[in-house]
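Participant: What follows is my_file-v6.pdb, made up of PDB, C-alpha atoms, pLDDT in the B column:
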```pdb
ATOM      1  CA  ALA A   1      19.715  42.747 -14.925  1.00 45.00           C
ATOM      2  CA  GLN A   2      20.392  43.695 -18.555  1.00 47.00           C
ATOM      3  CA  HIS A   3      23.054  46.223 -17.541  1.00 38.00           C
ATOM      4  CA  ALA A   4      24.718  43.678 -15.266  1.00 45.00           C
ATOM      5  CA  LEU A   5      24.707  41.162 -18.109  1.00 41.00           C
ATOM      6  CA  ALA A   6      26.209  43.757 -20.451  1.00 46.00           C
ATOM      7  CA  ALA A   7      28.938  44.449 -17.902  1.00 43.00           C
ATOM      8  CA  LEU A   8      29.815  40.770 -17.639  1.00 39.00           C
ATOM      9  CA  SER A   9      29.736  40.194 -21.386  1.00 42.00           C
ATOM     10  CA  GLY A  10      31.663  43.339 -22.294  1.00 49.00           C
ATOM     11  CA  SER A  11      28.874  44.715 -24.470  1.00 52.00           C
ATOM     12  CA  ASP A  12      29.323  48.192 -25.966  1.00 61.00           C
ATOM     13  CA  VAL A  13      26.700  50.344 -24.230  1.00 72.00           C
ATOM     14  CA  LYS A  14      26.691  54.137 -23.957  1.00 79.00           C
ATOM     15  CA  THR A  15      25.234  54.604 -20.478  1.00 87.00           C
ATOM     16  CA  ALA A  16      23.756  52.751 -17.539  1.00 88.00           C
ATOM     17  CA  PRO A  17      19.927  52.659 -17.748  1.00 91.00           C
ATOM     18  CA  GLU A  18      18.125  55.171 -15.530  1.00 92.00           C
ATOM     19  CA  ALA A  19      16.080  52.441 -13.841  1.00 91.00           C
ATOM     20  CA  TYR A  20      19.250  50.492 -13.005  1.00 91.00           C
ATOM     21  CA  VAL A  21      20.979  53.481 -11.395  1.00 92.00           C
ATOM     22  CA  ALA A  22      17.863  54.563  -9.479  1.00 92.00           C
ATOM     23  CA  ALA A  23      17.253  51.057  -8.113  1.00 92.00           C
ATOM     24  CA  LEU A  24      20.929  50.538  -7.274  1.00 90.00           C
ATOM     25  CA  PHE A  25      21.119  53.658  -5.141  1.00 91.00           C
ATOM     26  CA  ASP A  26      17.657  53.295  -3.633  1.00 91.00           C
ATOM     27  CA  ASP A  27      18.836  49.935  -2.294  1.00 90.00           C
ATOM     28  CA  TYR A  28      22.118  51.484  -1.168  1.00 78.00           C
ATOM     29  CA  ALA A  29      20.746  54.682   0.419  1.00 84.00           C
ATOM     30  CA  ASP A  30      20.417  53.560   4.044  1.00 83.00           C
ATOM     31  CA  ASN A  31      24.002  52.298   4.277  1.00 81.00           C
ATOM     32  CA  PHE A  32      25.620  54.506   1.647  1.00 77.00           C
ATOM     33  CA  GLU A  33      27.626  56.844   3.845  1.00 73.00           C
ATOM     34  CA  GLU A  34      28.763  54.142   6.249  1.00 77.00           C
ATOM     35  CA  SER A  35      30.007  52.026   3.327  1.00 73.00           C
ATOM     36  CA  LEU A  36      31.990  54.921   1.896  1.00 71.00           C
ATOM     37  CA  GLN A  37      33.520  55.693   5.281  1.00 71.00           C
ATOM     38  CA  ASP A  38      34.758  52.101   5.409  1.00 63.00           C
ATOM     39  CA  LEU A  39      36.440  52.676   2.030  1.00 63.00           C
ATOM     40  CA  GLY A  40      38.090  55.923   3.109  1.00 67.00           C
ATOM     41  CA  TYR A  41      36.101  57.899   0.526  1.00 82.00           C
ATOM     42  CA  GLN A  42      37.897  61.159  -0.335  1.00 87.00           C
ATOM     43  CA  VAL A  43      36.041  62.630  -3.319  1.00 89.00           C
ATOM     44  CA  PRO A  44      34.076  65.423  -1.551  1.00 91.00           C
ATOM     45  CA  ALA A  45      37.188  66.772   0.172  1.00 91.00           C
ATOM     46  CA  LEU A  46      39.296  66.473  -2.979  1.00 92.00           C
ATOM     47  CA  LEU A  47      36.727  68.258  -5.145  1.00 94.00           C
ATOM     48  CA  GLU A  48      36.298  71.020  -2.565  1.00 94.00           C
ATOM     49  CA  THR A  49      40.053  71.612  -2.606  1.00 93.00           C
ATOM     50  CA  LEU A  50      40.045  71.659  -6.395  1.00 92.00           C
ATOM     51  CA  VAL A  51      37.147  74.103  -6.636  1.00 94.00           C
ATOM     52  CA  ARG A  52      38.754  76.478  -4.142  1.00 92.00           C
ATOM     53  CA  ARG A  53      42.022  76.330  -6.084  1.00 92.00           C
ATOM     54  CA  PHE A  54      40.406  77.617  -9.271  1.00 90.00           C
ATOM     55  CA  ALA A  55      37.704  79.824  -7.748  1.00 87.00           C
ATOM     56  CA  PRO A  56      38.102  83.471  -6.667  1.00 77.00           C
ATOM     57  CA  PRO A  57      39.972  84.018  -3.363  1.00 75.00           C
ATOM     58  CA  THR A  58      36.705  84.218  -1.424  1.00 74.00           C
ATOM     59  CA  PRO A  59      34.463  82.010  -3.575  1.00 71.00           C
ATOM     60  CA  THR A  60      30.773  82.795  -3.487  1.00 84.00           C
ATOM     61  CA  PHE A  61      28.886  81.289  -6.398  1.00 94.00           C
ATOM     62  CA  THR A  62      25.388  82.524  -7.141  1.00 94.00           C
ATOM     63  CA  GLN A  63      23.881  79.216  -8.269  1.00 96.00           C
ATOM     64  CA  VAL A  64      25.523  75.866  -7.574  1.00 97.00           C
ATOM     65  CA  LEU A  65      24.381  72.514  -8.952  1.00 98.00           C
ATOM     66  CA  ASP A  66      25.292  69.328  -7.110  1.00 98.00           C
ATOM     67  CA  ALA A  67      24.809  66.942 -10.029  1.00 98.00           C
ATOM     68  CA  GLY A  68      24.142  63.402  -8.846  1.00 97.00           C
ATOM     69  CA  CYS A  69      23.988  64.684  -5.283  1.00 97.00           C
ATOM     70  CA  GLY A  70      23.306  61.311  -3.634  1.00 95.00           C
ATOM     71  CA  THR A  71      22.858  61.727   0.113  1.00 95.00           C
ATOM     72  CA  GLY A  72      24.418  65.184  -0.012  1.00 96.00           C
ATOM     73  CA  LEU A  73      28.030  64.446   0.884  1.00 95.00           C
ATOM     74  CA  MET A  74      29.162  67.507  -1.099  1.00 96.00           C
ATOM     75  CA  ALA A  75      26.534  69.775   0.464  1.00 97.00           C
ATOM     76  CA  PRO A  76      28.466  71.094   3.509  1.00 96.00           C
ATOM     77  CA  ALA A  77      31.334  72.310   1.330  1.00 94.00           C
ATOM     78  CA  LEU A  78      29.090  73.671  -1.427  1.00 96.00           C
ATOM     79  CA  ARG A  79      26.749  75.418   0.992  1.00 96.00           C
ATOM     80  CA  ASN A  80      29.661  77.455   2.318  1.00 92.00           C
ATOM     81  CA  MET A  81      30.454  78.817  -1.124  1.00 93.00           C
ATOM     82  CA  SER A  82      26.996  79.294  -2.659  1.00 94.00           C
ATOM     83  CA  THR A  83      24.081  81.685  -2.505  1.00 95.00           C
ATOM     84  CA  SER A  84      21.725  79.006  -3.822  1.00 97.00           C
ATOM     85  CA  LEU A  85      22.404  75.256  -3.805  1.00 98.00           C
ATOM     86  CA  VAL A  86      20.471  72.822  -6.000  1.00 98.00           C
ATOM     87  CA  GLY A  87      20.801  69.036  -5.937  1.00 98.00           C
ATOM     88  CA  VAL A  88      19.576  66.496  -8.482  1.00 98.00           C
ATOM     89  CA  ASP A  89      19.728  62.699  -8.418  1.00 97.00           C
ATOM     90  CA  LEU A  90      17.974  59.734 -10.023  1.00 96.00           C
ATOM     91  CA  SER A  91      17.366  57.965  -6.700  1.00 96.00           C
ATOM     92  CA  PRO A  92      14.352  59.126  -4.663  1.00 96.00           C
ATOM     93  CA  LYS A  93      15.751  57.580  -1.494  1.00 96.00           C
ATOM     94  CA  MET A  94      19.099  59.295  -1.948  1.00 95.00           C
ATOM     95  CA  VAL A  95      17.360  62.644  -2.454  1.00 97.00           C
ATOM     96  CA  ALA A  96      15.290  62.053   0.678  1.00 97.00           C
ATOM     97  CA  ARG A  97      18.483  61.523   2.647  1.00 96.00           C
ATOM     98  CA  ALA A  98      20.007  64.665   1.119  1.00 97.00           C
ATOM     99  CA  ALA A  99      16.930  66.656   2.156  1.00 98.00           C
ATOM    100  CA  GLU A 100      17.497  65.635   5.784  1.00 97.00           C
ATOM    101  CA  ARG A 101      20.658  67.744   5.803  1.00 97.00           C
ATOM    102  CA  GLY A 102      18.654  70.949   5.345  1.00 98.00           C
ATOM    103  CA  LEU A 103      21.391  72.485   3.220  1.00 98.00           C
ATOM    104  CA  TYR A 104      19.818  72.542  -0.250  1.00 98.00           C
ATOM    105  CA  ASP A 105      17.546  75.291  -1.534  1.00 98.00           C
ATOM    106  CA  HIS A 106      16.013  72.886  -4.030  1.00 98.00           C
ATOM    107  CA  LEU A 107      16.224  69.143  -4.668  1.00 98.00           C
ATOM    108  CA  ALA A 108      14.939  67.212  -7.669  1.00 98.00           C
ATOM    109  CA  VAL A 109      14.569  63.546  -8.513  1.00 97.00           C
ATOM    110  CA  ALA A 110      15.494  63.566 -12.193  1.00 97.00           C
ATOM    111  CA  GLU A 111      17.867  62.349 -14.874  1.00 96.00           C
ATOM    112  CA  LEU A 112      20.652  64.898 -15.196  1.00 97.00           C
ATOM    113  CA  VAL A 113      20.441  65.747 -18.915  1.00 97.00           C
ATOM    114  CA  GLY A 114      16.659  65.997 -18.742  1.00 96.00           C
ATOM    115  CA  PHE A 115      16.912  68.214 -15.674  1.00 97.00           C
ATOM    116  CA  THR A 116      19.126  70.707 -17.488  1.00 97.00           C
ATOM    117  CA  THR A 117      16.479  71.207 -20.180  1.00 95.00           C
ATOM    118  CA  THR A 118      14.217  72.761 -17.525  1.00 93.00           C
ATOM    119  CA  GLU A 119      16.872  75.322 -16.568  1.00 95.00           C
ATOM    120  CA  ASN A 120      17.779  78.584 -18.280  1.00 95.00           C
ATOM    121  CA  ILE A 121      20.995  79.011 -20.242  1.00 93.00           C
ATOM    122  CA  GLY A 122      23.852  80.069 -17.980  1.00 94.00           C
ATOM    123  CA  THR A 123      22.039  79.321 -14.709  1.00 95.00           C
ATOM    124  CA  PHE A 124      24.800  77.617 -12.698  1.00 97.00           C
ATOM    125  CA  ASP A 125      28.198  79.236 -12.210  1.00 95.00           C
ATOM    126  CA  LEU A 126      29.459  76.105 -10.427  1.00 97.00           C
ATOM    127  CA  ILE A 127      28.536  72.481 -11.166  1.00 98.00           C
ATOM    128  CA  VAL A 128      30.032  69.575  -9.261  1.00 98.00           C
ATOM    129  CA  ALA A 129      29.590  65.958 -10.388  1.00 97.00           C
ATOM    130  CA  ALA A 130      31.181  63.580  -7.888  1.00 94.00           C
ATOM    131  CA  ASP A 131      31.225  59.941  -9.018  1.00 93.00           C
ATOM    132  CA  VAL A 132      28.484  60.591 -11.576  1.00 96.00           C
ATOM    133  CA  PHE A 133      30.203  60.069 -14.923  1.00 96.00           C
ATOM    134  CA  VAL A 134      31.145  56.522 -13.915  1.00 95.00           C
ATOM    135  CA  TYR A 135      27.554  55.588 -14.816  1.00 95.00           C
ATOM    136  CA  ILE A 136      27.761  57.257 -18.246  1.00 96.00           C
ATOM    137  CA  GLY A 137      29.838  55.890 -21.108  1.00 94.00           C
ATOM    138  CA  ASP A 138      29.680  58.515 -23.839  1.00 94.00           C
ATOM    139  CA  LEU A 139      30.197  61.860 -22.072  1.00 96.00           C
ATOM    140  CA  GLY A 140      29.273  63.967 -25.088  1.00 96.00           C
ATOM    141  CA  GLN A 141      25.591  64.504 -24.289  1.00 96.00           C
ATOM    142  CA  VAL A 142      25.991  65.194 -20.581  1.00 97.00           C
ATOM    143  CA  LEU A 143      28.864  67.636 -21.102  1.00 98.00           C
ATOM    144  CA  ASP A 144      26.854  69.458 -23.773  1.00 97.00           C
ATOM    145  CA  ALA A 145      23.907  69.672 -21.384  1.00 98.00           C
ATOM    146  CA  LEU A 146      25.979  70.976 -18.484  1.00 98.00           C
ATOM    147  CA  ALA A 147      27.824  73.482 -20.662  1.00 97.00           C
ATOM    148  CA  ARG A 148      24.458  74.901 -21.765  1.00 97.00           C
ATOM    149  CA  VAL A 149      23.440  75.826 -18.221  1.00 98.00           C
ATOM    150  CA  MET A 150      26.825  77.382 -17.323  1.00 97.00           C
ATOM    151  CA  PRO A 151      27.885  80.981 -18.046  1.00 96.00           C
ATOM    152  CA  PRO A 152      31.150  81.542 -19.971  1.00 92.00           C
ATOM    153  CA  GLN A 153      33.190  81.840 -16.773  1.00 91.00           C
ATOM    154  CA  GLY A 154      31.405  78.964 -15.016  1.00 94.00           C
ATOM    155  CA  LEU A 155      33.271  76.112 -13.360  1.00 96.00           C
ATOM    156  CA  LEU A 156      32.601  72.371 -13.712  1.00 97.00           C
ATOM    157  CA  ALA A 157      34.382  69.945 -11.389  1.00 97.00           C
ATOM    158  CA  PHE A 158      33.937  66.199 -11.870  1.00 96.00           C
ATOM    159  CA  THR A 159      35.524  62.798 -11.408  1.00 95.00           C
ATOM    160  CA  CYS A 160      35.980  59.875 -13.787  1.00 94.00           C
ATOM    161  CA  GLU A 161      37.613  56.479 -13.527  1.00 92.00           C
ATOM    162  CA  ARG A 162      40.581  56.312 -15.876  1.00 92.00           C
ATOM    163  CA  LEU A 163      40.781  53.885 -18.776  1.00 90.00           C
ATOM    164  CA  GLU A 164      44.474  53.294 -19.333  1.00 79.00           C
ATOM    165  CA  ASP A 165      45.871  53.963 -22.798  1.00 63.00           C
ATOM    166  CA  ALA A 166      46.866  50.318 -23.249  1.00 47.00           C
ATOM    167  CA  GLU A 167      43.331  49.177 -22.399  1.00 52.00           C
ATOM    168  CA  HIS A 168      41.859  51.738 -24.765  1.00 51.00           C
ATOM    169  CA  ASP A 169      44.123  50.618 -27.591  1.00 51.00           C
ATOM    170  CA  ALA A 170      43.300  46.981 -26.893  1.00 42.00           C
ATOM    171  CA  ILE A 171      39.535  47.431 -27.142  1.00 49.00           C
ATOM    172  CA  ASP A 172      39.864  49.859 -30.077  1.00 54.00           C
ATOM    173  CA  GLY A 173      36.653  51.386 -28.754  1.00 65.00           C
ATOM    174  CA  PRO A 174      35.004  54.755 -28.464  1.00 78.00           C
ATOM    175  CA  GLY A 175      36.981  55.986 -25.448  1.00 90.00           C
ATOM    176  CA  TRP A 176      35.120  54.318 -22.625  1.00 90.00           C
ATOM    177  CA  ALA A 177      34.670  50.789 -21.339  1.00 91.00           C
ATOM    178  CA  LEU A 178      32.009  49.177 -19.153  1.00 91.00           C
ATOM    179  CA  GLN A 179      33.530  47.260 -16.251  1.00 90.00           C
ATOM    180  CA  THR A 180      32.173  44.146 -14.547  1.00 89.00           C
ATOM    181  CA  SER A 181      31.249  46.440 -11.639  1.00 88.00           C
ATOM    182  CA  GLY A 182      28.675  48.129 -13.870  1.00 89.00           C
ATOM    183  CA  ARG A 183      30.713  51.341 -13.861  1.00 92.00           C
ATOM    184  CA  PHE A 184      32.436  52.990 -16.832  1.00 94.00           C
ATOM    185  CA  ARG A 185      36.043  53.994 -17.202  1.00 93.00           C
ATOM    186  CA  HIS A 186      37.076  56.731 -19.628  1.00 94.00           C
ATOM    187  CA  ALA A 187      40.180  57.349 -21.663  1.00 93.00           C
ATOM    188  CA  PRO A 188      41.565  60.849 -21.010  1.00 92.00           C
ATOM    189  CA  VAL A 189      41.392  61.643 -24.723  1.00 92.00           C
ATOM    190  CA  HIS A 190      37.629  60.996 -24.706  1.00 93.00           C
ATOM    191  CA  VAL A 191      37.140  63.379 -21.787  1.00 94.00           C
ATOM    192  CA  HIS A 192      39.284  66.061 -23.431  1.00 94.00           C
ATOM    193  CA  VAL A 193      37.641  65.793 -26.847  1.00 94.00           C
ATOM    194  CA  GLN A 194      34.068  65.799 -25.545  1.00 96.00           C
ATOM    195  CA  ALA A 195      34.775  68.736 -23.236  1.00 96.00           C
ATOM    196  CA  GLN A 196      36.167  70.738 -26.138  1.00 96.00           C
ATOM    197  CA  ARG A 197      33.196  69.863 -28.340  1.00 96.00           C
ATOM    198  CA  ALA A 198      30.895  71.124 -25.580  1.00 97.00           C
ATOM    199  CA  GLY A 199      32.770  74.430 -25.522  1.00 97.00           C
ATOM    200  CA  LEU A 200      34.476  73.744 -22.201  1.00 97.00           C
ATOM    201  CA  ASN A 201      38.116  74.568 -21.528  1.00 94.00           C
ATOM    202  CA  LEU A 202      39.841  71.844 -19.543  1.00 92.00           C
ATOM    203  CA  VAL A 203      41.999  73.804 -17.105  1.00 92.00           C
ATOM    204  CA  HIS A 204      43.155  70.998 -14.829  1.00 93.00           C
ATOM    205  CA  ALA A 205      43.236  67.219 -14.524  1.00 91.00           C
ATOM    206  CA  GLU A 206      44.926  65.068 -11.920  1.00 89.00           C
ATOM    207  CA  GLU A 207      44.964  61.471 -10.757  1.00 88.00           C
ATOM    208  CA  ILE A 208      43.466  60.874  -7.322  1.00 77.00           C
ATOM    209  CA  THR A 209      42.716  57.938  -5.040  1.00 70.00           C
ATOM    210  CA  PRO A 210      38.995  58.355  -4.345  1.00 59.00           C
ATOM    211  CA  ARG A 211      38.603  55.256  -2.166  1.00 55.00           C
ATOM    212  CA  PHE A 212      40.308  52.058  -1.128  1.00 52.00           C
ATOM    213  CA  GLU A 213      38.436  49.040  -2.477  1.00 57.00           C
ATOM    214  CA  LEU A 214      37.807  46.113  -0.161  1.00 48.00           C
ATOM    215  CA  GLY A 215      39.393  42.793  -1.026  1.00 43.00           C
TER     216      GLY A 215
END
```
Represent the structure from my file as structure tokens, please.

Facilitator:
Amino acid sequence: AQHALAALSGSDVKTAPEAYVAALFDDYADNFEESLQDLGYQVPALLETLVRRFAPPTPTFTQVLDAGCGTGLMAPALRNMSTSLVGVDLSPKMVARAAERGLYDHLAVAELVGFTTTENIGTFDLIVAADVFVYIGDLGQVLDALARVMPPQGLLAFTCERLEDAEHDAIDGPGWALQTSGRFRHAPVHVHVQAQRAGLNLVHAEEITPRFELG
């Protein structure tokens, strides 16, 4: 309720509370995939194409992390290019649905940054975060955490919702803005700066249409 109120009032918050995200997707789990199909959801296919474009010709990653795995929509693509596939999500019900696919070697119900502290440096040579950063305002901490568990030649593929330059200038804010939907949008400069600070080289960015909103 507090996060929803903050979204409506335009309050400056850095991230959606863990309890809010977990409850939101627990409630959504049973109808999640059907709802996304109705919206023509394209993110898994688009991220798979992107990963294959920048991966070796026959990509086989040793350890892959599906960050914010949800019901496992990325799993079929990631399974085909990984020796070991790990999924993590805040929502127990989403993780239960992901487990039903039988494609993950390990699944965890955990907050993403906290999860990375239990992993060794350089563990994951591919990390995919599909529609995860939209629930995080300041990307600095999460990008630092993910960079820590990637080797120097590791690959991170993720999506954000774009905060237009004019909107960013108007709010004179920190590079992100909380929308009435409860999701965050990010200015490209914020993404670029925080990636560089985390020691990540941004090799590609493109605008996509992840879904078609109803109404």

Participant: Could you tell me which residues the PyMOL selection byres ((chain A and resi 185) around 8) returns for this structure, as a ChimeraX atom specification?

Facilitator: /A:134,137,160-163,176-179,183-184,186-187

Participant: Quick one: of A:Ile127, A:Leu90, A:Ala45, A:Leu50, who's nearest to A:Pro76, counting only C-alpha atoms?

Facilitator: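 Checking each of A:Ile127, A:Leu90, A:Ala45, A:Leu50 against A:Pro76, counting only C-alpha atoms, the winner is A:Ala45.
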
Participant: Give me, as a tab-separated table, each residue of stretch 69-185 of chain A that comes within 6 Å of stretch 25-36 of chain A, together with its shortest interatomic pair and the distance in Å at one decimal, counting only C-alpha atoms, with rows ordered by chain and rising residue number.

Facilitator:
```
residue	atom	partner	partner_atom	distance
A:Ser91	CA	A:Asp26	CA	5.6
A:Lys93	CA	A:Asp26	CA	5.2
A:Met94	CA	A:Ala29	CA	5.4
```

Participant: Go ahead and write the selection's residues with C-alpha atoms as a JSON list (two decimals), keeping the file's coordinate frame.

Facilitator:
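What ended up in out_24.json:
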```
[["chain", "number", "residue", "atom", "x", "y", "z"],
["A", 91, "SER", "CA", 17.37, 57.96, -6.70],
["A", 93, "LYS", "CA", 15.75, 57.58, -1.49],
["A", 94, "MET", "CA", 19.10, 59.30, -1.95]]
```

Participant: Residue by residue, what does the PyMOL selection byres ((chain A and resi 142) around 10) grab here? Present the result as a list of chain:residue names.

Facilitator: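 Selection result, ordered by chain and number: A:Leu112, A:Val113, A:Gly114, A:Thr116, A:Phe133, A:Ile136, A:Asp138, A:Leu139, A:Gly140, A:Gln141, A:Leu143, A:Asp144, A:Ala145, A:Leu146, A:Ala147, A:Arg148, A:Gln194, A:Ala195, A:Ala198.
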
Participant: Rounded to one decimal place, report the atom CA of A:Tyr104-atom CA of A:Asp66 distance in Å.

Facilitator: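 Distance reported for this atom pair: 9.3 Å.
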
Participant: Just give me the gap between atom CA of A:Asp131 and atom CA of A:Arg101 in Å, one decimal is fine.

Facilitator: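 Separation between atom CA of A:Asp131 and atom CA of A:Arg101: 19.8 Å.
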
Participant: Name the residues captured by the PyMOL selection byres ((chain A and resi 111) around 12) when it is applied to the shown file; answer as a PyMOL selection string.

Facilitator: chain A and resi 16-19+21-22+67-69+87-92+108-110+112-118+132+135-136+142+145

Participant: Kindly save the residues from that selection, with C-alpha atoms included, as a PDB file, keeping the file's coordinate frame.

Facilitator:
```
ATOM      1  CA  ALA A  16      23.756  52.751 -17.539  1.00 88.00           C
ATOM      2  CA  PRO A  17      19.927  52.659 -17.748  1.00 91.00           C
ATOM      3  CA  GLU A  18      18.125  55.171 -15.530  1.00 92.00           C
ATOM      4  CA  ALA A  19      16.080  52.441 -13.841  1.00 91.00           C
ATOM      5  CA  VAL A  21      20.979  53.481 -11.395  1.00 92.00           C
ATOM      6  CA  ALA A  22      17.863  54.563  -9.479  1.00 92.00           C
ATOM      7  CA  ALA A  67      24.809  66.942 -10.029  1.00 98.00           C
ATOM      8  CA  GLY A  68      24.142  63.402  -8.846  1.00 97.00           C
ATOM      9  CA  CYS A  69      23.988  64.684  -5.283  1.00 97.00           C
ATOM     10  CA  GLY A  87      20.801  69.036  -5.937  1.00 98.00           C
ATOM     11  CA  VAL A  88      19.576  66.496  -8.482  1.00 98.00           C
ATOM     12  CA  ASP A  89      19.728  62.699  -8.418  1.00 97.00           C
ATOM     13  CA  LEU A  90      17.974  59.734 -10.023  1.00 96.00           C
ATOM     14  CA  SER A  91      17.366  57.965  -6.700  1.00 96.00           C
ATOM     15  CA  PRO A  92      14.352  59.126  -4.663  1.00 96.00           C
ATOM     16  CA  ALA A 108      14.939  67.212  -7.669  1.00 98.00           C
ATOM     17  CA  VAL A 109      14.569  63.546  -8.513  1.00 97.00           C
ATOM     18  CA  ALA A 110      15.494  63.566 -12.193  1.00 97.00           C
ATOM     19  CA  LEU A 112      20.652  64.898 -15.196  1.00 97.00           C
ATOM     20  CA  VAL A 113      20.441  65.747 -18.915  1.00 97.00           C
ATOM     21  CA  GLY A 114      16.659  65.997 -18.742  1.00 96.00           C
ATOM     22  CA  PHE A 115      16.912  68.214 -15.674  1.00 97.00           C
ATOM     23  CA  THR A 116      19.126  70.707 -17.488  1.00 97.00           C
ATOM     24  CA  THR A 117      16.479  71.207 -20.180  1.00 95.00           C
ATOM     25  CA  THR A 118      14.217  72.761 -17.525  1.00 93.00           C
ATOM     26  CA  VAL A 132      28.484  60.591 -11.576  1.00 96.00           C
ATOM     27  CA  TYR A 135      27.554  55.588 -14.816  1.00 95.00           C
ATOM     28  CA  ILE A 136      27.761  57.257 -18.246  1.00 96.00           C
ATOM     29  CA  VAL A 142      25.991  65.194 -20.581  1.00 97.00           C
ATOM     30  CA  ALA A 145      23.907  69.672 -21.384  1.00 98.00           C
TER      31      ALA A 145
END
```

Participant: What separation in Å, quoted to one decimal, exists between atom CA of A:Ser82 and atom CA of A:Ile121?

Facilitator: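 Distance between the two atoms: 18.6 Å.
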
Participant: Using only C-alpha atoms, which protein or nucleic acid residues come within 7 Å of A:Met150? Drop anything in the same chain fewer than 4 positions from it, and give the result as an mmCIF file with C-alpha atoms, in the coordinates of the input.

Facilitator:
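So result29.cif came out as:
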```cif
data_model
loop_
_atom_site.group_PDB
_atom_site.id
_atom_site.type_symbol
_atom_site.label_atom_id
_atom_site.label_comp_id
_atom_site.auth_asym_id
_atom_site.auth_seq_id
_atom_site.Cartn_x
_atom_site.Cartn_y
_atom_site.Cartn_z
ATOM 1 C CA ILE A 121 20.995 79.011 -20.242
ATOM 2 C CA GLY A 122 23.852 80.069 -17.980
ATOM 3 C CA THR A 123 22.039 79.321 -14.709
ATOM 4 C CA PHE A 124 24.800 77.617 -12.698
ATOM 5 C CA ASP A 125 28.198 79.236 -12.210
ATOM 6 C CA LEU A 146 25.979 70.976 -18.484
ATOM 7 C CA GLY A 154 31.405 78.964 -15.016
#
```
